[in-house]
Amino acid sequence: MAVSPPLCAFGWQAPDFSLPATDGQTYALSDIRGDRGTLILFICNHCPYVLAVLDRIIRDVRDLRALGIGVAAICSNDATSHPTDDFPAMQEMAQARAFPFPYLHDQTQSVARAYGAACTPDFFGFDAGLGLQYRGRLDASGRAAEKDARRDLYEAMKQVAETGEGPRAQVPSVGCSIKWKAA
């Protein structure tokens, strides 16, 4: 079932984290932080919504990094119920797709809970001071790759890089729910 996260709570401060990455390093928020903004995205390996837009995510991340936006992706899904989201599978995907960002493993799900992540993909775009400025969709085409679809995430984060503020009108992302561990 498709899930949408809540809209942007402007100014909400990014919670810190320290997580292992598929490249063998451990990254904290301060390692990811960009001079002109930071994008944290929650993705996973199995979600059809993520798989449908992954090429566009990679394209937009490359373009945003050139604007001074720091980026990391986090997988928080329960790998017991969804083994294709386990750490070795994450490593395989990151390498096969040449991710231009660290792909972090949130095994305890504490980071997803701290961020209030709701679905994959879920995008959190922060200004240079780590205040939330964007919590919307990747683009206007959704799972269908429309050639000239408005690049909502890219345009919003470009605006953040240039002005420090995100757009006031935002359309929420849609995706698979985070696969939470049984309590």
# chains A, B, ... in the order shown; residues from 1 in each chain; ligands from 1

$ select_by_dssp --residues "region 93-126 of chain A" --states "alpha helix (DSSP H)" --output "JSON, numbers by chain"
{"A": [93, 94, 95, 96, 110, 111, 112, 113, 114, 115]}

$ write_last_selection --atoms "all heavy atoms" --output "tab-separated table (two decimals), in the first residue's frame"
chain	number	residue	atom	x	y	z
A	93	MET	N	23.90	-3.18	-4.40
A	93	MET	CA	23.18	-2.16	-5.17
A	93	MET	C	23.99	-0.88	-5.31
A	93	MET	O	24.05	-0.30	-6.40
A	93	MET	CB	21.82	-1.84	-4.54
A	93	MET	CG	21.07	-0.74	-5.30
A	93	MET	SD	19.48	-0.35	-4.58
A	93	MET	CE	18.45	-1.42	-5.56
A	94	ALA	N	24.59	-0.43	-4.23
A	94	ALA	CA	25.37	0.81	-4.27
A	94	ALA	C	26.51	0.69	-5.27
A	94	ALA	O	26.79	1.64	-6.02
A	94	ALA	CB	25.90	1.15	-2.89
A	95	GLN	N	27.16	-0.46	-5.29
A	95	GLN	CA	28.27	-0.66	-6.22
A	95	GLN	C	27.77	-0.80	-7.65
A	95	GLN	O	28.31	-0.18	-8.57
A	95	GLN	CB	29.10	-1.87	-5.82
A	95	GLN	CG	30.32	-2.06	-6.70
A	95	GLN	CD	31.21	-3.18	-6.22
A	95	GLN	OE1	30.86	-3.95	-5.34
A	95	GLN	NE2	32.38	-3.28	-6.81
A	96	ALA	N	26.75	-1.60	-7.86
A	96	ALA	CA	26.23	-1.83	-9.21
A	96	ALA	C	25.69	-0.56	-9.85
A	96	ALA	O	25.84	-0.35	-11.06
A	96	ALA	CB	25.13	-2.90	-9.17
A	110	SER	N	16.60	3.65	14.54
A	110	SER	CA	16.53	4.83	15.39
A	110	SER	C	16.60	6.13	14.59
A	110	SER	O	15.97	7.12	14.96
A	110	SER	CB	17.63	4.80	16.46
A	110	SER	OG	18.91	4.83	15.84
A	111	VAL	N	17.34	6.12	13.50
A	111	VAL	CA	17.44	7.34	12.69
A	111	VAL	C	16.13	7.58	11.94
A	111	VAL	O	15.63	8.71	11.89
A	111	VAL	CB	18.65	7.27	11.73
A	111	VAL	CG1	18.71	8.49	10.83
A	111	VAL	CG2	19.94	7.12	12.53
A	112	ALA	N	15.55	6.53	11.38
A	112	ALA	CA	14.25	6.67	10.71
A	112	ALA	C	13.20	7.20	11.68
A	112	ALA	O	12.39	8.07	11.33
A	112	ALA	CB	13.80	5.34	10.12
A	113	ARG	N	13.22	6.71	12.90
A	113	ARG	CA	12.26	7.19	13.91
A	113	ARG	C	12.54	8.64	14.27
A	113	ARG	O	11.61	9.44	14.39
A	113	ARG	CB	12.30	6.31	15.15
A	113	ARG	CG	11.73	4.93	14.89
A	113	ARG	CD	11.52	4.13	16.18
A	113	ARG	NE	11.24	2.75	15.93
A	113	ARG	CZ	10.10	2.25	15.45
A	113	ARG	NH1	9.12	3.06	15.16
A	113	ARG	NH2	9.95	0.95	15.27
A	114	ALA	N	13.80	9.01	14.43
A	114	ALA	CA	14.16	10.39	14.78
A	114	ALA	C	13.73	11.37	13.67
A	114	ALA	O	13.31	12.49	13.96
A	114	ALA	CB	15.66	10.51	15.04
A	115	TYR	N	13.84	10.94	12.43
A	115	TYR	CA	13.45	11.79	11.31
A	115	TYR	C	11.95	11.75	11.03
A	115	TYR	O	11.42	12.60	10.32
A	115	TYR	CB	14.22	11.40	10.05
A	115	TYR	CG	15.58	12.05	9.98
A	115	TYR	CD1	16.62	11.63	10.79
A	115	TYR	CD2	15.83	13.09	9.09
A	115	TYR	CE1	17.87	12.22	10.74
A	115	TYR	CE2	17.07	13.70	9.03
A	115	TYR	CZ	18.09	13.26	9.85
A	115	TYR	OH	19.31	13.86	9.80

$ residues_around --residues "region 9-13 of chain A" --least-positions-apart "3" --cutoff "8 Å" --atoms "only C-alpha atoms" --output "PyMOL selection string"
chain A and resi 130-134

$ residues_around --residues "Gly175 (chain A)" --least-positions-apart "6" --cutoff "7 Å" --atoms "only C-alpha atoms" --output "list in words"
Ala2, Val3, Ser4, Tyr49, Cys119, Thr120 and Pro121 of chain A

$ closest_residue --among "A:Phe101, A:Trp180, A:Phe17, A:Phe126" --to "Ile57 (chain A)" --atoms "only C-alpha atoms"
A:Phe101

$ closest_residue --among "A:Pro6, A:Pro20, A:Gly129, A:Pro15" --to "Thr108 (chain A)" --atoms "only C-alpha atoms"
A:Pro20

$ residues_around --residues "Gly125 (chain A)" --least-positions-apart "2" --cutoff "7 Å" --atoms "only C-alpha atoms" --output "PyMOL selection string"
chain A and resi 38-40+123+127+132-135+157

$ write_last_selection --atoms "all heavy atoms" --output "tab-separated table (two decimals), in the first residue's frame"
chain	number	residue	atom	x	y	z
A	38	THR	N	21.72	20.22	2.77
A	38	THR	CA	21.91	18.78	2.97
A	38	THR	C	20.62	18.07	2.60
A	38	THR	O	19.53	18.51	2.98
A	38	THR	CB	22.29	18.48	4.43
A	38	THR	OG1	23.46	19.22	4.76
A	38	THR	CG2	22.53	17.00	4.65
A	39	LEU	N	20.77	16.95	1.91
A	39	LEU	CA	19.62	16.12	1.55
A	39	LEU	C	19.82	14.74	2.14
A	39	LEU	O	20.83	14.09	1.88
A	39	LEU	CB	19.51	16.03	0.02
A	39	LEU	CG	18.43	15.10	-0.53
A	39	LEU	CD1	17.04	15.58	-0.13
A	39	LEU	CD2	18.55	15.01	-2.05
A	40	ILE	N	18.86	14.32	2.95
A	40	ILE	CA	18.84	12.97	3.50
A	40	ILE	C	17.63	12.27	2.88
A	40	ILE	O	16.51	12.76	2.97
A	40	ILE	CB	18.71	12.98	5.04
A	40	ILE	CG1	19.85	13.78	5.69
A	40	ILE	CG2	18.65	11.55	5.58
A	40	ILE	CD1	21.24	13.23	5.46
A	123	PHE	N	12.17	12.17	1.23
A	123	PHE	CA	13.23	13.16	1.05
A	123	PHE	C	13.16	14.25	2.11
A	123	PHE	O	12.10	14.84	2.32
A	123	PHE	CB	13.11	13.81	-0.34
A	123	PHE	CG	13.12	12.82	-1.47
A	123	PHE	CD1	11.93	12.41	-2.04
A	123	PHE	CD2	14.31	12.32	-1.95
A	123	PHE	CE1	11.93	11.50	-3.10
A	123	PHE	CE2	14.32	11.40	-2.99
A	123	PHE	CZ	13.12	10.99	-3.57
A	127	ASP	N	18.51	23.31	4.87
A	127	ASP	CA	19.33	24.45	4.50
A	127	ASP	C	20.73	24.30	5.10
A	127	ASP	O	21.02	23.29	5.77
A	127	ASP	CB	18.65	25.76	4.94
A	127	ASP	CG	18.39	25.85	6.44
A	127	ASP	OD1	19.14	25.26	7.25
A	127	ASP	OD2	17.41	26.52	6.82
A	132	LEU	N	14.93	22.19	8.21
A	132	LEU	CA	14.17	21.55	7.14
A	132	LEU	C	13.53	22.59	6.23
A	132	LEU	O	12.88	23.53	6.70
A	132	LEU	CB	13.10	20.62	7.72
A	132	LEU	CG	12.36	19.73	6.72
A	132	LEU	CD1	13.32	18.74	6.05
A	132	LEU	CD2	11.24	18.98	7.41
A	133	GLN	N	13.72	22.41	4.92
A	133	GLN	CA	13.14	23.31	3.93
A	133	GLN	C	12.36	22.57	2.84
A	133	GLN	O	11.63	23.18	2.08
A	133	GLN	CB	14.24	24.15	3.28
A	133	GLN	CG	14.92	25.11	4.22
A	133	GLN	CD	13.97	26.17	4.76
A	133	GLN	OE1	13.11	26.67	4.06
A	133	GLN	NE2	14.11	26.48	6.05
A	134	TYR	N	12.51	21.24	2.77
A	134	TYR	CA	11.79	20.49	1.75
A	134	TYR	C	11.50	19.09	2.24
A	134	TYR	O	12.38	18.39	2.74
A	134	TYR	CB	12.59	20.41	0.44
A	134	TYR	CG	11.79	19.80	-0.69
A	134	TYR	CD1	10.77	20.52	-1.30
A	134	TYR	CD2	12.04	18.51	-1.13
A	134	TYR	CE1	10.01	19.97	-2.32
A	134	TYR	CE2	11.29	17.95	-2.16
A	134	TYR	CZ	10.28	18.68	-2.75
A	134	TYR	OH	9.53	18.13	-3.76
A	135	ARG	N	10.24	18.68	2.07
A	135	ARG	CA	9.83	17.30	2.34
A	135	ARG	C	8.75	16.95	1.32
A	135	ARG	O	7.57	16.86	1.62
A	135	ARG	CB	9.30	17.14	3.77
A	135	ARG	CG	8.87	15.69	4.05
A	135	ARG	CD	9.49	15.14	5.27
A	135	ARG	NE	9.19	13.74	5.45
A	135	ARG	CZ	8.63	13.22	6.54
A	135	ARG	NH1	8.32	14.00	7.56
A	135	ARG	NH2	8.42	11.93	6.63
A	157	MET	N	15.75	22.09	-3.90
A	157	MET	CA	17.07	22.15	-3.27
A	157	MET	C	17.98	23.18	-3.95
A	157	MET	O	18.83	23.78	-3.30
A	157	MET	CB	17.71	20.77	-3.23
A	157	MET	CG	17.01	19.80	-2.28
A	157	MET	SD	16.78	20.43	-0.59
A	157	MET	CE	18.49	20.59	-0.04

$ residues_around --residues "region 102-107 of chain A" --least-positions-apart "4" --cutoff "9 Å" --atoms "only C-alpha atoms" --output "MDAnalysis selection string"
chainID A and resid 19:23 25:27 32 71:79 86:87 90:91 94 111:112

$ atom_distance --atom1 "CA of Glu155 (chain A)" --atom2 "CA of Ile43 (chain A)"
20.1 Å

$ closest_residue --among "A:Ala14, A:Leu67, A:Ala89, A:Cys8" --to "Gln159 (chain A)" --atoms "only C-alpha atoms"
A:Leu67

$ residues_around --residues "Tyr154 (chain A)" --least-positions-apart "2" --cutoff "8 Å" --atoms "only C-alpha atoms" --output "PyMOL selection string"
chain A and resi 60+63-64+138+151-152+156-158

$ atom_distance --atom1 "CA of Glu165 (chain A)" --atom2 "CA of Ile58 (chain A)"
23.1 Å

$ closest_residue --among "A:Pro172, A:Gly116, A:Pro83, A:Pro48" --to "Gly136 (chain A)" --atoms "only C-alpha atoms"
A:Pro172

$ decode --residues "region 74-90 of chain A" --atoms "N, CA, C and O atoms" --output "mmCIF file, in the first residue's frame"
data_model
loop_
_atom_site.group_PDB
_atom_site.id
_atom_site.type_symbol
_atom_site.label_atom_id
_atom_site.label_comp_id
_atom_site.auth_asym_id
_atom_site.auth_seq_id
_atom_site.Cartn_x
_atom_site.Cartn_y
_atom_site.Cartn_z
ATOM 1 N N ILE A 74 19.649 6.545 3.289
ATOM 2 C CA ILE A 74 19.581 5.660 4.446
ATOM 3 C C ILE A 74 18.552 4.570 4.187
ATOM 4 O O ILE A 74 17.432 4.858 3.749
ATOM 5 N N CYS A 75 18.923 3.331 4.467
ATOM 6 C CA CYS A 75 17.981 2.212 4.436
ATOM 7 C C CYS A 75 17.722 1.805 5.885
ATOM 8 O O CYS A 75 18.651 1.450 6.610
ATOM 9 N N SER A 76 16.457 1.866 6.278
ATOM 10 C CA SER A 76 16.068 1.549 7.653
ATOM 11 C C SER A 76 15.157 0.342 7.745
ATOM 12 O O SER A 76 14.690 0.005 8.831
ATOM 13 N N ASN A 77 14.878 -0.299 6.637
ATOM 14 C CA ASN A 77 13.927 -1.409 6.653
ATOM 15 C C ASN A 77 14.424 -2.608 7.456
ATOM 16 O O ASN A 77 15.624 -2.859 7.538
ATOM 17 N N ASP A 78 13.474 -3.335 7.988
ATOM 18 C CA ASP A 78 13.754 -4.577 8.707
ATOM 19 C C ASP A 78 14.209 -5.624 7.695
ATOM 20 O O ASP A 78 13.426 -6.077 6.852
ATOM 21 N N ALA A 79 15.471 -5.996 7.765
ATOM 22 C CA ALA A 79 16.029 -6.964 6.814
ATOM 23 C C ALA A 79 15.579 -8.389 7.101
ATOM 24 O O ALA A 79 15.695 -9.257 6.236
ATOM 25 N N THR A 80 15.032 -8.637 8.290
ATOM 26 C CA THR A 80 14.511 -9.976 8.593
ATOM 27 C C THR A 80 13.268 -10.241 7.758
ATOM 28 O O THR A 80 13.129 -11.296 7.139
ATOM 29 N N SER A 81 12.372 -9.274 7.708
ATOM 30 C CA SER A 81 11.150 -9.445 6.915
ATOM 31 C C SER A 81 11.373 -9.133 5.432
ATOM 32 O O SER A 81 10.623 -9.594 4.583
ATOM 33 N N HIS A 82 12.417 -8.360 5.135
ATOM 34 C CA HIS A 82 12.731 -7.970 3.758
ATOM 35 C C HIS A 82 14.224 -8.173 3.497
ATOM 36 O O HIS A 82 15.002 -7.222 3.505
ATOM 37 N N PRO A 83 14.648 -9.426 3.271
ATOM 38 C CA PRO A 83 16.071 -9.733 3.141
ATOM 39 C C PRO A 83 16.778 -9.020 1.994
ATOM 40 O O PRO A 83 17.991 -8.841 2.038
ATOM 41 N N THR A 84 16.048 -8.567 0.983
ATOM 42 C CA THR A 84 16.708 -7.824 -0.098
ATOM 43 C C THR A 84 17.152 -6.441 0.350
ATOM 44 O O THR A 84 17.839 -5.738 -0.391
ATOM 45 N N ASP A 85 16.778 -6.057 1.564
ATOM 46 C CA ASP A 85 17.217 -4.784 2.135
ATOM 47 C C ASP A 85 18.328 -4.968 3.176
ATOM 48 O O ASP A 85 18.634 -4.041 3.922
ATOM 49 N N ASP A 86 18.937 -6.155 3.222
ATOM 50 C CA ASP A 86 20.023 -6.356 4.195
ATOM 51 C C ASP A 86 21.298 -5.653 3.716
ATOM 52 O O ASP A 86 21.393 -5.198 2.574
ATOM 53 N N PHE A 87 22.262 -5.551 4.605
ATOM 54 C CA PHE A 87 23.470 -4.781 4.328
ATOM 55 C C PHE A 87 24.258 -5.303 3.126
ATOM 56 O O PHE A 87 24.654 -4.513 2.261
ATOM 57 N N PRO A 88 24.466 -6.614 2.976
ATOM 58 C CA PRO A 88 25.167 -7.084 1.775
ATOM 59 C C PRO A 88 24.439 -6.715 0.474
ATOM 60 O O PRO A 88 25.075 -6.341 -0.511
ATOM 61 N N ALA A 89 23.122 -6.790 0.481
ATOM 62 C CA ALA A 89 22.361 -6.403 -0.711
ATOM 63 C C ALA A 89 22.468 -4.900 -0.963
ATOM 64 O O ALA A 89 22.529 -4.462 -2.123
ATOM 65 N N MET A 90 22.504 -4.121 0.113
ATOM 66 C CA MET A 90 22.716 -2.675 -0.038
ATOM 67 C C MET A 90 24.070 -2.403 -0.683
ATOM 68 O O MET A 90 24.182 -1.560 -1.583
#
